[in-house]
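**Q** Attaching a single structure in structure tokens format; questions to follow.
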Amino acid sequence: MASEQSVREIVEPHLALGEEPRTVHTDDETVTVVTDRRILRSREHEIEGTDTTDMESVMLTGPQILGARVRTYPATAPEWGKIALGSLFTGIGALFGYASLLQSFLGTPTESELALIIALGGLLLVPSGAYIAYDAFTTRESCILVEIISTGGETTLRLPLDATEIASAVSAVVGEG
């Protein structure tokens with residue numbers, strides 16, 4: 001975490017005359033500051049072995065700003081029931097598809113046509129089951145999403161759950177502006 005002194009050194013060169021910081025949130029790589037006019041976000045990262053810092057600024061006041069939306073998303077876990085269902089569909093589809101294809105080669109012409117139709121139905125279950133299982137494994141980390149709505153579109157800021165003071169300050173500044 002950045003110290004108060006280092007936060008001041010990072011942010012002060014980017015503040016306009018008379019601009020006042022309201023709240024600050026720091027984590028391992030990012031310093032987020034809400035001022036009475038905008039959000040400043042500084043990110044430290046490495047590019048080709050060289051440490052670099054990016055500074056992002058998003059206006060929160062002015063006639064172009066229409067509002068802000070703050071949403072909290074809890075973390076999601078894999079849905080084991082859907083995973084089981086998807087796996088079952090995939091397994092049954094593969095089994096029917098394989099057995100029907102085998103029957104189409106070994107059976108009479110009439111049996112072969114029926115077996116091919118069953119094979120197609122069984123093989124359609126395979127991607128369907130795989131998609132159901134994949135979708136059930138898709139999880140989301142907990143976060144706060146802050147959307148600044150303007151005439152030029154939306155700007156979204158993703159924050160960790162412990163940054164509620166940043167979300168509140170953004171909402172307040174937009175409301176005052």
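Going through the structure tokens in order, the chains are called A, B, and so on, while each chain numbers its residues from 1 and the ligands are numbered from 1 in the order shown.
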Write out as a ChimeraX atom specification the residues lying within 9 Å of range 39-41 of chain A, counting only C-alpha atoms and excluding same-chain residues fewer than 3 positions away.
**A** /A:11,14-15,30-36,54-60,170
**Q** Nearest to Glu141 in chain A: which of A:Gly177, A:Ala163, A:Ala169, A:Pro74 is it, counting only C-alpha atoms?
**A** A:Pro74
**Q** Any idea what the distance is between CA of Arg69 in chain A and CA of Leu159 in chain A?
**A** 13.1 Å
**Q** Contacts of Ser168 in chain A at 12 Å or less, counting only C-alpha atoms, minus same-chain residues fewer than 5 places along, as a PDB file with C-alpha atoms, in the first residue's frame?
**A**
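Once written, around.pdb looks like this:
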```pdb
ATOM      1  CA  ARG A  22     -12.232  14.082  -1.002  1.00  0.00           C
ATOM      2  CA  THR A  23     -11.223  10.460  -0.493  1.00  0.00           C
ATOM      3  CA  VAL A  24      -8.406   8.091  -1.405  1.00  0.00           C
ATOM      4  CA  VAL A  34     -12.023  11.319  -5.849  1.00  0.00           C
ATOM      5  CA  ALA A  68     -23.786   7.858 -11.813  1.00  0.00           C
ATOM      6  CA  ARG A  69     -24.752   4.279 -11.078  1.00  0.00           C
ATOM      7  CA  VAL A  70     -23.170   2.259  -8.267  1.00  0.00           C
ATOM      8  CA  ARG A  71     -23.662  -1.517  -8.157  1.00  0.00           C
ATOM      9  CA  THR A  72     -22.200  -4.067  -5.786  1.00  0.00           C
ATOM     10  CA  ILE A 144     -18.209  -2.520  -6.932  1.00  0.00           C
ATOM     11  CA  LEU A 145     -18.930  -1.126 -10.402  1.00  0.00           C
ATOM     12  CA  VAL A 146     -19.270   2.634 -10.652  1.00  0.00           C
ATOM     13  CA  LEU A 159     -13.390  -1.243  -7.506  1.00  0.00           C
ATOM     14  CA  ASP A 162     -13.486  -2.369   0.448  1.00  0.00           C
ATOM     15  CA  ALA A 163     -13.615   0.825  -1.674  1.00  0.00           C
ATOM     16  CA  VAL A 173     -19.776  14.675  -6.434  1.00  0.00           C
ATOM     17  CA  VAL A 174     -21.978  13.805  -9.438  1.00  0.00           C
ATOM     18  CA  GLY A 175     -25.058  14.716  -7.394  1.00  0.00           C
TER      19      GLY A 175
END
```
**Q** Please identify the alpha helix (DSSP H) residues within range 23-158 of chain A (assignment by DSSP from backbone atoms) and present them as a tab-separated table (two decimals) with N, CA and C atoms, in the first residue's frame.
**A**
```
chain	number	residue	atom	x	y	z
A	80	TRP	N	-22.88	-26.35	-9.21
A	80	TRP	CA	-22.60	-27.78	-9.36
A	80	TRP	C	-23.76	-28.57	-9.96
A	81	GLY	N	-24.99	-28.15	-9.74
A	81	GLY	CA	-26.14	-28.82	-10.35
A	81	GLY	C	-26.12	-28.69	-11.87
A	82	LYS	N	-25.81	-27.48	-12.35
A	82	LYS	CA	-25.71	-27.27	-13.79
A	82	LYS	C	-24.52	-28.01	-14.39
A	83	ILE	N	-23.44	-28.08	-13.63
A	83	ILE	CA	-22.26	-28.81	-14.11
A	83	ILE	C	-22.60	-30.29	-14.28
A	84	ALA	N	-23.32	-30.84	-13.31
A	84	ALA	CA	-23.73	-32.25	-13.39
A	84	ALA	C	-24.67	-32.47	-14.58
A	85	LEU	N	-25.64	-31.55	-14.77
A	85	LEU	CA	-26.57	-31.68	-15.88
A	85	LEU	C	-25.85	-31.58	-17.22
A	86	GLY	N	-24.95	-30.63	-17.35
A	86	GLY	CA	-24.19	-30.48	-18.59
A	86	GLY	C	-23.33	-31.70	-18.87
A	87	SER	N	-22.72	-32.24	-17.84
A	87	SER	CA	-21.90	-33.45	-18.00
A	87	SER	C	-22.76	-34.64	-18.41
A	88	LEU	N	-23.95	-34.75	-17.81
A	88	LEU	CA	-24.88	-35.83	-18.16
A	88	LEU	C	-25.30	-35.73	-19.62
A	89	PHE	N	-25.69	-34.51	-20.06
A	89	PHE	CA	-26.06	-34.30	-21.47
A	89	PHE	C	-24.91	-34.67	-22.39
A	90	THR	N	-23.72	-34.23	-22.05
A	90	THR	CA	-22.56	-34.51	-22.90
A	90	THR	C	-22.29	-36.01	-22.97
A	91	GLY	N	-22.34	-36.67	-21.84
A	91	GLY	CA	-22.09	-38.12	-21.81
A	91	GLY	C	-23.14	-38.90	-22.57
A	92	ILE	N	-24.42	-38.60	-22.34
A	92	ILE	CA	-25.50	-39.30	-23.04
A	92	ILE	C	-25.43	-39.02	-24.54
A	93	GLY	N	-25.18	-37.78	-24.89
A	93	GLY	CA	-25.08	-37.43	-26.30
A	93	GLY	C	-23.96	-38.17	-26.99
A	94	ALA	N	-22.80	-38.23	-26.34
A	94	ALA	CA	-21.66	-38.95	-26.92
A	94	ALA	C	-21.96	-40.44	-27.04
A	95	LEU	N	-22.57	-41.01	-26.01
A	95	LEU	CA	-22.89	-42.44	-26.02
A	95	LEU	C	-23.90	-42.77	-27.14
A	96	PHE	N	-24.99	-41.99	-27.22
A	96	PHE	CA	-25.98	-42.23	-28.28
A	96	PHE	C	-25.38	-41.99	-29.66
A	97	GLY	N	-24.59	-40.95	-29.78
A	97	GLY	CA	-23.98	-40.66	-31.07
A	97	GLY	C	-23.06	-41.78	-31.53
A	98	TYR	N	-22.20	-42.23	-30.64
A	98	TYR	CA	-21.26	-43.31	-30.98
A	98	TYR	C	-22.01	-44.61	-31.28
A	99	ALA	N	-22.96	-44.99	-30.43
A	99	ALA	CA	-23.70	-46.25	-30.62
A	99	ALA	C	-24.51	-46.21	-31.91
A	100	SER	N	-25.13	-45.07	-32.20
A	100	SER	CA	-25.94	-44.96	-33.41
A	100	SER	C	-25.08	-44.98	-34.67
A	101	LEU	N	-23.93	-44.34	-34.63
A	101	LEU	CA	-23.03	-44.39	-35.78
A	101	LEU	C	-22.54	-45.82	-36.01
A	102	LEU	N	-22.25	-46.52	-34.96
A	102	LEU	CA	-21.83	-47.91	-35.07
A	102	LEU	C	-22.96	-48.75	-35.68
A	103	GLN	N	-24.19	-48.52	-35.22
A	103	GLN	CA	-25.35	-49.25	-35.74
A	103	GLN	C	-25.58	-48.93	-37.22
A	104	SER	N	-25.32	-47.67	-37.62
A	104	SER	CA	-25.55	-47.31	-39.02
A	104	SER	C	-24.61	-48.07	-39.96
A	105	PHE	N	-23.43	-48.43	-39.50
A	105	PHE	CA	-22.49	-49.18	-40.32
A	105	PHE	C	-22.79	-50.69	-40.30
A	106	LEU	N	-23.35	-51.17	-39.22
A	106	LEU	CA	-23.57	-52.61	-39.07
A	106	LEU	C	-24.98	-53.06	-39.44
A	109	PRO	N	-30.18	-51.13	-44.28
A	109	PRO	CA	-30.36	-49.74	-44.74
A	109	PRO	C	-31.40	-48.95	-43.93
A	110	THR	N	-32.53	-49.56	-43.60
A	110	THR	CA	-33.55	-48.87	-42.82
A	110	THR	C	-33.04	-48.55	-41.42
A	111	GLU	N	-32.40	-49.55	-40.80
A	111	GLU	CA	-31.82	-49.33	-39.47
A	111	GLU	C	-30.72	-48.27	-39.53
A	112	SER	N	-29.98	-48.23	-40.61
A	112	SER	CA	-28.88	-47.27	-40.76
A	112	SER	C	-29.41	-45.84	-40.82
A	113	GLU	N	-30.52	-45.61	-41.55
A	113	GLU	CA	-31.10	-44.27	-41.63
A	113	GLU	C	-31.61	-43.81	-40.27
A	114	LEU	N	-32.30	-44.68	-39.57
A	114	LEU	CA	-32.81	-44.36	-38.24
A	114	LEU	C	-31.65	-44.11	-37.27
A	115	ALA	N	-30.61	-44.92	-37.39
A	115	ALA	CA	-29.45	-44.76	-36.51
A	115	ALA	C	-28.75	-43.43	-36.76
A	116	LEU	N	-28.68	-43.00	-38.01
A	116	LEU	CA	-28.05	-41.71	-38.32
A	116	LEU	C	-28.85	-40.54	-37.73
A	117	ILE	N	-30.17	-40.64	-37.77
A	117	ILE	CA	-31.02	-39.59	-37.19
A	117	ILE	C	-30.81	-39.54	-35.67
A	118	ILE	N	-30.77	-40.69	-35.04
A	118	ILE	CA	-30.52	-40.74	-33.59
A	118	ILE	C	-29.11	-40.23	-33.28
A	119	ALA	N	-28.15	-40.57	-34.14
A	119	ALA	CA	-26.77	-40.12	-33.94
A	119	ALA	C	-26.70	-38.60	-33.97
A	120	LEU	N	-27.41	-37.96	-34.93
A	120	LEU	CA	-27.41	-36.49	-35.02
A	120	LEU	C	-28.02	-35.88	-33.75
A	121	GLY	N	-29.12	-36.44	-33.30
A	121	GLY	CA	-29.75	-35.95	-32.07
A	121	GLY	C	-28.81	-36.10	-30.88
A	122	GLY	N	-28.16	-37.26	-30.78
A	122	GLY	CA	-27.21	-37.49	-29.69
A	122	GLY	C	-26.02	-36.56	-29.76
A	123	LEU	N	-25.52	-36.34	-30.98
A	123	LEU	CA	-24.36	-35.46	-31.13
A	123	LEU	C	-24.71	-34.00	-30.88
A	124	LEU	N	-25.97	-33.62	-31.03
A	124	LEU	CA	-26.39	-32.25	-30.69
A	124	LEU	C	-26.39	-32.04	-29.17
A	125	LEU	N	-26.57	-33.11	-28.42
A	125	LEU	CA	-26.52	-33.00	-26.96
A	125	LEU	C	-25.11	-32.68	-26.46
A	126	VAL	N	-24.10	-33.11	-27.19
A	126	VAL	CA	-22.71	-32.91	-26.73
A	126	VAL	C	-22.37	-31.43	-26.59
A	127	PRO	N	-22.52	-30.59	-27.65
A	127	PRO	CA	-22.18	-29.17	-27.45
A	127	PRO	C	-23.14	-28.46	-26.49
A	128	SER	N	-24.41	-28.89	-26.47
A	128	SER	CA	-25.36	-28.28	-25.54
A	128	SER	C	-24.94	-28.54	-24.09
A	129	GLY	N	-24.61	-29.79	-23.81
A	129	GLY	CA	-24.16	-30.14	-22.46
A	129	GLY	C	-22.86	-29.45	-22.10
A	130	ALA	N	-21.94	-29.36	-23.07
A	130	ALA	CA	-20.67	-28.69	-22.82
A	130	ALA	C	-20.88	-27.21	-22.50
A	131	TYR	N	-21.80	-26.57	-23.23
A	131	TYR	CA	-22.09	-25.15	-22.96
A	131	TYR	C	-22.70	-24.95	-21.58
A	132	ILE	N	-23.64	-25.82	-21.21
A	132	ILE	CA	-24.27	-25.72	-19.88
A	132	ILE	C	-23.20	-25.86	-18.78
A	133	ALA	N	-22.31	-26.82	-18.94
A	133	ALA	CA	-21.25	-27.02	-17.94
A	133	ALA	C	-20.29	-25.84	-17.92
A	134	TYR	N	-19.90	-25.34	-19.09
A	134	TYR	CA	-18.99	-24.18	-19.17
A	134	TYR	C	-19.61	-22.97	-18.49
A	135	ASP	N	-20.87	-22.70	-18.80
A	135	ASP	CA	-21.57	-21.56	-18.22
A	135	ASP	C	-21.65	-21.67	-16.70
A	136	ALA	N	-21.83	-22.88	-16.19
A	136	ALA	CA	-21.92	-23.09	-14.74
A	136	ALA	C	-20.58	-22.87	-14.06
A	137	PHE	N	-19.48	-23.05	-14.79
A	137	PHE	CA	-18.15	-22.82	-14.22
A	137	PHE	C	-17.75	-21.36	-14.25
```
**Q** So that I can check the surroundings of Thr53 in chain A, please list as a list in words every protein, DNA and RNA residue that reaches within 7 Å of it, counting only C-alpha atoms and ignoring chain neighbours fewer than 2 positions away.
**A**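 Once the adjacent positions are removed, what remains is Ser42, Arg43, Glu44, His45 and Met55 of chain A.
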**Q** Interatomic distance between CA of Pro160 in chain A and CA of Thr76 in chain A?
**A** 14.8 Å
**Q** Run DSSP on the backbone and give me the residues of chain A it puts in strand (DSSP E or B), as a PyMOL selection string.
**A** chain A and resi 21-26+30-35+38-47+50-59+65-73+143-150+153-159
**Q** What is the CA of Gly153 in chain A to CA of Gly62 in chain A distance in Å?
**A** 14.2 Å
